[in-house]
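Structure file model_25.cif; described as mmCIF, C-alpha atoms and all ligand atoms.
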data_model
loop_
_atom_site.label_atom_id
_atom_site.label_comp_id
_atom_site.auth_asym_id
_atom_site.auth_seq_id
_atom_site.Cartn_x
_atom_site.Cartn_y
_atom_site.Cartn_z
CA LEU A 1293 12.44 132.93 145.62
CA THR A 1294 10.85 135.31 148.03
CA ASP A 1295 11.82 135.46 151.64
CA ARG A 1296 8.98 136.30 153.92
CA GLY A 1297 11.14 135.80 156.94
CA SER A 1298 8.95 133.22 158.55
CA ARG A 1299 9.76 129.82 157.16
CA GLU A 1300 13.43 129.11 157.54
CA PRO A 1301 14.35 125.82 155.97
CA ILE A 1302 15.43 123.42 158.69
CA ARG A 1303 18.34 121.09 158.10
CA THR A 1304 20.01 118.42 160.16
CA CYS A 1305 23.69 118.26 161.00
CA VAL A 1306 25.08 114.99 159.65
CA ALA A 1307 27.50 114.72 162.57
CA CYS A 1308 25.47 115.40 165.70
CA GLY A 1309 21.91 115.26 164.42
CA ARG A 1310 21.08 118.75 165.63
CA LYS A 1311 18.34 120.46 163.67
CA ALA A 1312 18.95 124.06 162.83
CA SER A 1313 17.98 126.71 160.40
CA GLN A 1314 19.73 126.24 157.06
CA LYS A 1315 21.67 129.48 157.48
CA ASP A 1316 23.16 128.31 160.76
CA LEU A 1317 24.67 125.21 159.20
CA LEU A 1318 27.38 124.79 156.59
CA ARG A 1319 26.55 123.02 153.37
CA PHE A 1320 28.94 120.72 151.62
CA ALA A 1321 28.44 118.80 148.42
CA LEU A 1322 30.14 116.28 146.26
CA SER A 1323 31.98 117.36 143.16
CA GLY A 1324 33.53 114.48 141.32
CA ASP A 1325 35.02 112.27 143.99
CA ARG A 1326 35.56 114.98 146.57
CA ALA A 1327 33.43 116.84 149.04
CA PHE A 1328 33.68 120.63 149.02
CA TRP A 1329 32.18 123.41 151.06
CA ASP A 1330 29.23 124.91 149.29
CA LEU A 1331 28.65 128.06 151.25
CA ASP A 1332 26.49 129.65 148.57
CA ARG A 1333 24.44 126.46 148.34
CA ARG A 1334 24.81 126.51 144.59
CA MET A 1335 26.54 123.27 143.88
CA PRO A 1336 24.32 120.79 142.11
CA GLY A 1337 23.71 117.34 143.37
CA ARG A 1338 23.47 115.84 146.76
CA GLY A 1339 24.58 118.04 149.58
CA ALA A 1340 24.61 117.77 153.33
CA TYR A 1341 24.75 120.12 156.27
CA ILE A 1342 26.96 120.29 159.32
CA CYS A 1343 27.30 122.62 162.31
CA PRO A 1344 30.09 125.19 161.99
CA ARG A 1345 31.88 123.58 164.91
CA GLN A 1346 35.19 121.78 164.95
CA GLU A 1347 33.65 119.03 167.09
CA CYS A 1348 31.20 118.17 164.36
CA LEU A 1349 33.90 118.17 161.70
CA GLU A 1350 35.98 115.84 163.83
CA ALA A 1351 33.00 113.60 164.43
CA LEU A 1352 32.32 113.46 160.69
CA LYS A 1353 35.94 112.61 160.00
CA ARG A 1354 35.83 109.73 162.46
CA ASP A 1355 32.51 108.43 161.20
CA ARG A 1356 33.15 105.29 159.23
CA LYS A 1357 29.64 105.34 157.86
CA LYS A 1358 29.92 108.79 156.36
CA GLY A 1359 29.75 107.28 152.88
CA ARG A 1360 26.01 107.05 153.42
CA ILE A 1361 25.74 110.82 153.19
CA PHE A 1362 26.35 110.68 149.46
CA ARG A 1363 25.16 107.11 149.08
CA ARG A 1364 28.55 105.97 147.91
CA GLN A 1365 31.87 105.05 149.41
CA LEU A 1366 34.61 107.63 149.09
CA GLY A 1367 38.26 107.44 149.94
CA GLU A 1368 39.56 109.37 152.92
CA GLU A 1369 41.12 111.95 150.59
CA ALA A 1370 37.63 112.88 149.44
CA TRP A 1371 37.04 114.50 152.83
CA ALA A 1372 40.27 116.47 153.00
CA GLU A 1373 38.59 119.77 152.24
CA LEU A 1374 36.25 119.39 155.17
CA THR A 1375 38.81 119.20 157.94
CA SER A 1376 38.49 122.84 158.88
CA ILE A 1377 35.69 125.35 159.03
CA PRO A 1378 35.87 127.67 156.04
CA LYS A 1379 36.48 131.35 156.56
CA ASP A 1380 33.81 133.54 155.10
ZN ZN B 1401 26.52 119.16 164.57
#
Please lay out the structure from this file as structure tokens.
Ligand SMILES: [Zn+2]
Amino acid sequence: LTDRGSREPIRTCVACGRKASQKDLLRFALSGDRAFWDLDRRMPGRGAYICPRQECLEALKRDRKKGRIFRRQLGEEAWAELTSIPKD
């Protein structure tokens, strides 16, 4: 991949719907039955993006329809990893 610095991929925060450049959002992805941060964007499979803000994490946690992100229903424990913003 070459980076010409002009076309930043745009992604949408699953919590607030804000559109932002991919690098300004945090990626998470499903591994097995749990969602994990995927800061290197290397995890295979379906991923999603969220703003690096506690408000968005809280909103995601409260969202009863969040199963739609991965097109499957997951238990609450599946989201445990996503309760705080990862340190880089
Ligand atoms: Zn957001």
### For Gly1367 of chain A, the nearest of the candidates A:Met1335, A:Ala1351, A:Ala1327, A:Ala1307, counting only C-alpha atoms
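Smallest distance to Gly1367 of chain A is found for A:Ala1327.
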### Task
List the neighbours of Trp1371 of chain A out to 8 Å using all atoms listed in the file; skip same-chain residues closer than 6 positions along the sequence, and give me the result as a list in words.
Arg1326, Ala1327, Phe1328 and Lys1353 of chain A
### Message
So, with all atoms listed in the file as the atoms that count, which of A:Arg1356, A:Lys1379, A:Arg1364, A:Arg1345 lies closest to Arg1310 of chain A?
### Response
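Comparing A:Arg1356, A:Lys1379, A:Arg1364, A:Arg1345 against Arg1310 of chain A, the winner is A:Arg1345.
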### Polymer residues at most 10 Å from Gln1346 of chain A, all atoms listed in the file, same-chain spacing of 5 or more positions, as a list in words
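That gives Ala1351, Leu1352, Thr1375, Ser1376 and Ile1377 of chain A.
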### Message
At a cut-off of 7 Å and counting only C-alpha atoms and all ligand atoms, what residues surround ligand ZN 1401 (chain B)? Please answer as a list in words.
### Response
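Sorted by chain and then by number, the residues are Cys1305, Val1306, Ala1307, Cys1308, Gly1309, Arg1310, Ile1342, Cys1343, Arg1345 and Cys1348 of chain A.
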For the selection just defined, write its residues with C-alpha atoms to a file, as a short mmCIF file (atom, residue, chain, number, x, y, z; two decimals), in the coordinates of the input.
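The result, written out as part-v4.cif:
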data_model
loop_
_atom_site.label_atom_id
_atom_site.label_comp_id
_atom_site.auth_asym_id
_atom_site.auth_seq_id
_atom_site.Cartn_x
_atom_site.Cartn_y
_atom_site.Cartn_z
CA CYS A 1305 23.69 118.26 161.00
CA VAL A 1306 25.08 114.99 159.65
CA ALA A 1307 27.50 114.72 162.57
CA CYS A 1308 25.47 115.40 165.70
CA GLY A 1309 21.91 115.26 164.42
CA ARG A 1310 21.08 118.75 165.63
CA ILE A 1342 26.96 120.29 159.32
CA CYS A 1343 27.30 122.62 162.31
CA ARG A 1345 31.88 123.58 164.91
CA CYS A 1348 31.20 118.17 164.36
#
Work out where the centre of an axis-aligned box around every listed atom of segment 1313-1331 of chain A lies and how long its edges are once 4 Å is added on each side; give both in Å to one decimal as AutoDock Vina command-line options.
--center_x 26.8 --center_y 120.9 --center_z 151.0 --size_x 25.6 --size_y 25.2 --size_z 27.4
Final N, CA and C atoms of segment 1332-1353 of chain A as an mmCIF file, keeping the file's coordinate frame:
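Final output, out.cif:
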data_model
loop_
_atom_site.group_PDB
_atom_site.id
_atom_site.type_symbol
_atom_site.label_atom_id
_atom_site.label_comp_id
_atom_site.auth_asym_id
_atom_site.auth_seq_id
_atom_site.Cartn_x
_atom_site.Cartn_y
_atom_site.Cartn_z
ATOM 1 N N ASP A 1332 27.561 128.938 149.276
ATOM 2 C CA ASP A 1332 26.490 129.650 148.570
ATOM 3 C C ASP A 1332 25.310 128.732 148.246
ATOM 4 N N ARG A 1333 25.478 127.464 148.607
ATOM 5 C CA ARG A 1333 24.440 126.460 148.340
ATOM 6 C C ARG A 1333 24.061 126.436 146.875
ATOM 7 N N ARG A 1334 25.066 126.475 146.034
ATOM 8 C CA ARG A 1334 24.810 126.510 144.590
ATOM 9 C C ARG A 1334 25.282 125.265 143.859
ATOM 10 N N MET A 1335 26.037 124.449 144.568
ATOM 11 C CA MET A 1335 26.540 123.270 143.880
ATOM 12 C C MET A 1335 25.396 122.295 143.621
ATOM 13 N N PRO A 1336 25.391 121.744 142.433
ATOM 14 C CA PRO A 1336 24.320 120.790 142.110
ATOM 15 C C PRO A 1336 24.556 119.475 142.828
ATOM 16 N N GLY A 1337 23.544 118.673 142.835
ATOM 17 C CA GLY A 1337 23.710 117.340 143.370
ATOM 18 C C GLY A 1337 23.478 117.271 144.865
ATOM 19 N N ARG A 1338 23.758 116.123 145.378
ATOM 20 C CA ARG A 1338 23.470 115.840 146.760
ATOM 21 C C ARG A 1338 24.389 116.619 147.691
ATOM 22 N N GLY A 1339 23.801 117.320 148.591
ATOM 23 C CA GLY A 1339 24.580 118.040 149.580
ATOM 24 C C GLY A 1339 24.182 117.621 150.978
ATOM 25 N N ALA A 1340 24.929 118.082 151.948
ATOM 26 C CA ALA A 1340 24.610 117.770 153.330
ATOM 27 C C ALA A 1340 25.004 118.977 154.178
ATOM 28 N N TYR A 1341 24.510 118.980 155.390
ATOM 29 C CA TYR A 1341 24.750 120.120 156.270
ATOM 30 C C TYR A 1341 25.456 119.675 157.541
ATOM 31 N N ILE A 1342 26.253 120.589 158.075
ATOM 32 C CA ILE A 1342 26.960 120.290 159.320
ATOM 33 C C ILE A 1342 27.084 121.582 160.126
ATOM 34 N N CYS A 1343 27.121 121.443 161.444
ATOM 35 C CA CYS A 1343 27.300 122.620 162.310
ATOM 36 C C CYS A 1343 28.674 123.233 162.050
ATOM 37 N N PRO A 1344 28.777 124.545 162.139
ATOM 38 C CA PRO A 1344 30.090 125.190 161.990
ATOM 39 C C PRO A 1344 30.907 125.052 163.278
ATOM 40 N N ARG A 1345 31.129 123.845 163.694
ATOM 41 C CA ARG A 1345 31.880 123.580 164.910
ATOM 42 C C ARG A 1345 32.942 122.534 164.623
ATOM 43 N N GLN A 1346 34.114 122.729 165.172
ATOM 44 C CA GLN A 1346 35.190 121.780 164.950
ATOM 45 C C GLN A 1346 34.818 120.383 165.451
ATOM 46 N N GLU A 1347 34.047 120.333 166.542
ATOM 47 C CA GLU A 1347 33.650 119.030 167.090
ATOM 48 C C GLU A 1347 32.869 118.214 166.070
ATOM 49 N N CYS A 1348 32.002 118.893 165.342
ATOM 50 C CA CYS A 1348 31.200 118.170 164.360
ATOM 51 C C CYS A 1348 32.054 117.734 163.173
ATOM 52 N N LEU A 1349 33.007 118.570 162.787
ATOM 53 C CA LEU A 1349 33.900 118.170 161.700
ATOM 54 C C LEU A 1349 34.726 116.954 162.108
ATOM 55 N N GLU A 1350 35.197 116.971 163.344
ATOM 56 C CA GLU A 1350 35.980 115.840 163.830
ATOM 57 C C GLU A 1350 35.132 114.573 163.884
ATOM 58 N N ALA A 1351 33.900 114.749 164.341
ATOM 59 C CA ALA A 1351 33.000 113.600 164.430
ATOM 60 C C ALA A 1351 32.728 113.023 163.040
ATOM 61 N N LEU A 1352 32.557 113.913 162.060
ATOM 62 C CA LEU A 1352 32.320 113.460 160.690
ATOM 63 C C LEU A 1352 33.533 112.687 160.171
ATOM 64 N N LYS A 1353 34.704 113.227 160.461
ATOM 65 C CA LYS A 1353 35.940 112.610 160.000
ATOM 66 C C LYS A 1353 36.107 111.190 160.573
#
